[in-house]
Every structure is written in structure tokens, then in C-alpha cells.
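Novice: For reference, the structure I am asking about is given below.
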Amino acid sequence: MTQDLLAPLAAAKWTFATRRVDRALIAGMDTDFAAARAGDLILAQIEAIGKHQCVQLTSGRPSNIFAGDMIVLACGARYAPDQFEGLAEIDPAGADLLAGGGCIGRMVARNERVKVATRLLPIGRLLDAAGRPVNLDRFALPASNRSDEIPVVVVLGTTMNSGKTTATAQLALGLRRAGYKVAALKGTGTGAFGDFNQYADTGAHWVADFTDAGMVTTYHEPLERVKAGLRCLLGHAAERGCDIAVMEIADGLFQRETGALVADPWFRRRLSGLVFACGDAVAAAGGVAILARHGLRPDVLTGILSCSPMAMAEADAATGVPVLRKSDLSDPAEANVFALRALVGERKAA
Amino acid sequence: MPRSTPEPSLTSHRVASSSGTLPARVVHPAGRSNLPPLVVLHGISRNADELVELFRPEAERSGRVVVVPHFSEKCWPTFQRPCRAARPDQALLALLSHLAVIDPAFAGPLDVFGHSGGAQLAHRFAMLFPHRIGRLHLAAAGWYCLPDTSMAYPYGLGADATPGALTWARRHSQALPAYLRLGVQVYVGTNDTGRDDSLRTGADVDRIQGRDRVARAETFVERFRAAARARDILPDISLTRLPGVTHDVAEAIRRADLASLVTAGGRTPFAAAS
């Protein structure tokens, strides 16, 4: 009977969030969805297509999805102001595809400009041979005590889609061109291969995100767990011989985990460089002012703002912080300014 | 029977970058020493082939790999300094990254030698990327980027209204402490005192850096030392005067053993060093 229950797993589409999972450990399923916690693996069936018409596969390619398709994904929360807010809760009667990277949960808020979430029919929660839920945290990289050995340039921003991922990738490219072994990391957010692949395309020496630290998303995770994830990623970057890390922190400064990190003394001490991505000069001024309250001052501004010479001039005048375009960040002469500042270990306070 | 000295082998490379394609020839000695590879940068005569032959015996003798890029006039009308019009630094970095894939020795700091315009590129490259430099050898540069703000960029690190000057001055300034910690050997021929068309002249550069290459080399060494000491850095820079040598790299190598001095690795024992 167990074999019959597991048969759909072989043909199912395993989403990117499950990329570290050892499928051989899966020995059964239950339907105790009320007990599901963030990171638990769920087999679900596509019930009705909504916002997401694709899922991201572990192979790194998108797959169209159709009603009736079986997919394996992780229970998780999501915070995406341009799309959904969702919680790591699963209603047996029906759940929401919160992210194409493989996040199932309950949508609680939706941006009016996007369609309703793609609906999922939960089939089962995956269990190991001992009957324990199989959770992503089981497949996390081991903790590392070497996280302090590597300098990190952090990329923050005003909100989702302000240009943080582009800034992270372009700076990683510039540092790689300057001859450094670079780790390109996503410290918080929701697991997806878009950012991951964009980082990897730069030739960064090592690319990882919070899923490699055992989380499908960091939304609603305790701050200490989020920080442990950052330490894990930085430590493994050091172990892999990286000289420097560039780390994107998702969403805006007011987002729950991002705000908590910016307010955290350990996190602030760990910064060797700070890039702030924003969409316009007013956002730049606001971001710089908020960061100043925490004793931080960005080394540069970038993002959508940098597409407009006029916005760049306004932001420069308003904040006194240089504005760099993505082509500047990927310029090894400019990127090396970050590296030298980071390797010397001096940062200016606000 | 006497054993013949094996001839160093030569390989050719062409490396594309966002700034353009840069060909280079690499001299591989039969017996490798633990000295870092040496990058040899030609001047405006663009005599890369000649430099390959001139450095080839020294590559074998010292056991160092020698890389000689060729900035052709067609592809690189400007190559002496990174600027808006040309980014020879990016092409050079791309070449080194390519070579590092083949030979890990290229991933670490490298010694760099440049003559004339090549010396200009060499010291500006070192200012931007000091972490890529082991020891810097500068021969007969026509003028320098002084490591202070006595002149606006590109003559120094001051900024004026020239587009991009502030950006480039900032980029160079950030790396200044690491640059000033480098070991630098400056060479100039004692007869390299002409003011020909290839020497940049002007009231400010003549007044501040000197009227010829000898005076400008002296000024550069003085300013480098002063800038280092101002930052509590013990400067490791010296000037070697090559007796009777004019502005001719082949002559400097044949008459004054310049290639030997450069490939020796450490500080020169040359009597005229100061």
C-alpha cells in the first residue's frame, strides 16, 4: 500500500526548493496537514492555474504546470509585496502556490495587480522510514564556525524589485573580474532559482541561498535562525576559499526580518560594505535616513534609480552618497573599491 | 657531452573581455622556479615580439613564466591608462584570469614590468589592483599618476571638472595604502633626457613632474616615498639609473641588463640604485 502511495512522487515535478533533498529518505506520507511546519515537504496536485503558470524545477529550468500535475514543494510563508503574503499553513481542502520556486501555504494578502494564487490540492506530507516529516532543515549545510573569516558586502533595498539582485550579481561579476573568488549569497527571502541563477551566471565561485541553510523562506522565521543561516552561508563561503561575499537581503527596510537584521548589532558589525538599491531619489533619501538611525551609511546607491541620470543627480545631491549604475558595479576598478575597503575592514558610521 | 640548455616554449593566447580582445605570448621556461610570473608591457612602439625575444633567455635563466601582451594600434589606439576611451586594465585582468585557469600561479600576485607607455599602464594598473601585484618594475615612463593630490587626475589624484576625473581619482585613492606598500623598482636611462614628440609636455607637468623622464622618475620616487610615509608606511621603492641608456628598451636590456634586473625577482643590487 505504501508503495502505491509513493508512486506519484516519481513522476511529480520536484521544485527548486527541494533541490537538496535526498529522495531516498522518503518512505511514506500522511495527511496531517495541520501539523505541517515550515520546510516540511508536501506532495500536491495542481487544482487551478492562477498567478503562477510554471514551477521552477530542481534542474534549474521552469516547467509549465497544468491542472492535475503532481508537484513536490515545501510548506512555507511568503512575503512579496508585488505578489502575495502567505503563511506556512495548509488547509487540507486546498492550498496556495505562494512561490514558483516551491512554496505552499495559505495566501492572506494579494497585490491587486496580480491574479489569485494557483490553487493546490494537498495530497500528502512526506515522511521518512521512522514516520517523521521530511523537512528541508534536514538537508541544510552543516553549521560552520568560519563565518567571521570572510568579509561581506550586503545589498539592501527599499522594496521587492528595487534592483537588489541585479546589484548583487553585477558586484559579484566586478569582483570576479578583479581576480577575487566571490560568494554570491541570498541571505533572506523566498527560494527561487531566478536570483540563484543570476548570481551563478556571473561566474561567482560559490552561490547559495537560505535554502542551503535549510529554509524555504525566511519569512516568519525567528531572527536567531535567520542569523544562523547567514553564518552558515558565510562560513561555507570561507571554507570554499572565497575571498569576499556579496549578500542580498530581501525586500525593504521595513520588512520584518530585514528590519530586524538591520537593527541587530551582530549584523551591523558584520557589514564590510553596504549597497542600497532603490527606485528614485526620494526613496534614496528615505533609505539613507532610516539606515542612519541604525548607525549605517551606504557606500553607494544603485538600483532602478540608476537608470535615470536625473534621479541619480537628485539622489546624490540629497544624500551625498555616490550613485552607481550596474555597469559601474561590474567594473573591476569600481568593485575593487569594495574589496579593498572590506579587506582593510574599516567602515564609516553614518 | 655538454648538455644543451632547453629552449623555453612559447604559447599564444587571445582573450576577449568587455573592453576588447588582447593577444599575448607566454614564455614557459623548461625549469620553473617559485618566482611569480612576470607580465611585460610594451610601450608605444608596441614591440611585443621583440620583448618576447629579449626576455626569453631571462625567463629560462630565472625559471619564471613571462607574459607579453600585445596592445595593437588597431585595437588599442590608447592603452597607457584606463579611461573612458579604453580599458586596458580590464583586458589585462581578463588575460590573467584566463591564464589562471591554465596555470594557478597566475591567480596570485604577479610581478609587472612596463617600459615607457607600458610603465604608465603598469603603475596605474597597480594603483587600481594592488592585490594583483607582487613587485612593480617601471622603466622610463613619460609621466606618472602621482600618489597625491598635487595634480588633478590623471597626473595625480586630485579632481577637477574633467568628466570622470572624480570617479577615477576615487577609485585610485581607495587602493592607495595597498599600492604604497608594494615593492617598486623604477628604472631610467641616464641619457633618457630628450623631449621628443612621445613625451607629454605642458606647463604643469613640466613644473611638477620635471622636464624629462629622468627628472620625472625622480619626482615619482620622491612623491611615492612621501605619500607612504604620510600614512606610516615604510616605502619600498628605489630608482635605478641605467648608465648611458636612452629611451630604448632594447638598448636598456642589452647594455644595462634590464631584463636580468627585472627577472631577478628581488631588489636590484645595481650600484646606481637610490
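By order in the C-alpha cells, chains are A, B, ...; within a chain, residues start at 1; ligands start at 1, following the order shown.
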Dump as CSV the rows for residues of chain B within 10 Å of chain A: closest atom pair and distance in Å with one decimal, only C-alpha atoms counted, ordered by chain and rising residue number.

Specialist:
```
residue,atom,partner,partner_atom,distance
B:Ser17,CA,A:Arg177,CA,9.7
B:Ser18,CA,A:Asp331,CA,9.7
B:Pro82,CA,A:Ala333,CA,9.3
B:Arg87,CA,A:Ala333,CA,10.0
B:Asp89,CA,A:Ala333,CA,8.4
B:Gln90,CA,A:Pro332,CA,7.2
B:Ala91,CA,A:Arg177,CA,9.9
B:Leu93,CA,A:Ala178,CA,6.6
B:Ala94,CA,A:Arg177,CA,6.9
B:Leu96,CA,A:Gly179,CA,8.4
B:Ser97,CA,A:Gly179,CA,6.8
B:Ala100,CA,A:Gly179,CA,9.6
B:Phe106,CA,A:Gly179,CA,9.9
B:Ala107,CA,A:Gly179,CA,7.2
B:Gly108,CA,A:Gly179,CA,8.8
B:Pro109,CA,A:Gly179,CA,9.9
B:Phe125,CA,A:Ala333,CA,9.2
B:Met127,CA,A:Ala333,CA,9.7
B:Leu128,CA,A:Ala333,CA,6.0
B:Phe129,CA,A:Asn336,CA,7.1
B:Pro130,CA,A:Leu340,CA,9.3
B:His131,CA,A:Leu340,CA,8.7
B:Arg132,CA,A:Gly179,CA,7.6
B:Thr167,CA,A:Glu334,CA,8.8
B:Trp168,CA,A:Ala333,CA,8.7
B:Arg170,CA,A:Val337,CA,8.6
B:Arg171,CA,A:Val337,CA,6.2
B:His172,CA,A:Ala333,CA,8.4
B:Ser173,CA,A:Val337,CA,9.0
B:Gln174,CA,A:Val337,CA,5.9
B:Ala175,CA,A:Leu340,CA,6.5
B:Leu176,CA,A:Leu340,CA,9.7
B:Pro177,CA,A:Leu340,CA,9.6
B:Ala178,CA,A:Leu340,CA,8.3
```

Novice: Please, which residues of range 57-196 of chain B, numbered as in this document, come out alpha helix (DSSP H) from DSSP, as an NGL selection string?

Specialist: :B and (57-62 or 88-102 or 117-128 or 165-174 or 176-180)

Novice: Name all residues at most 9 Å from Arg146 in chain A (count only C-alpha atoms; drop same-chain ones fewer than 3 positions away) and give them as a list in words.

Specialist: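 Once the nearby chain positions are removed, what remains is Glu149, Ile150, Arg231, Cys232, Leu234, Gly235, His236, Ala237, Ala238 and Glu239 of chain A.
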
Novice: As an exercise, work out the distance from CA of Arg223 in chain B to CA of Ala159 in chain B in Å and give it to one decimal place.

Specialist: 17.7 Å
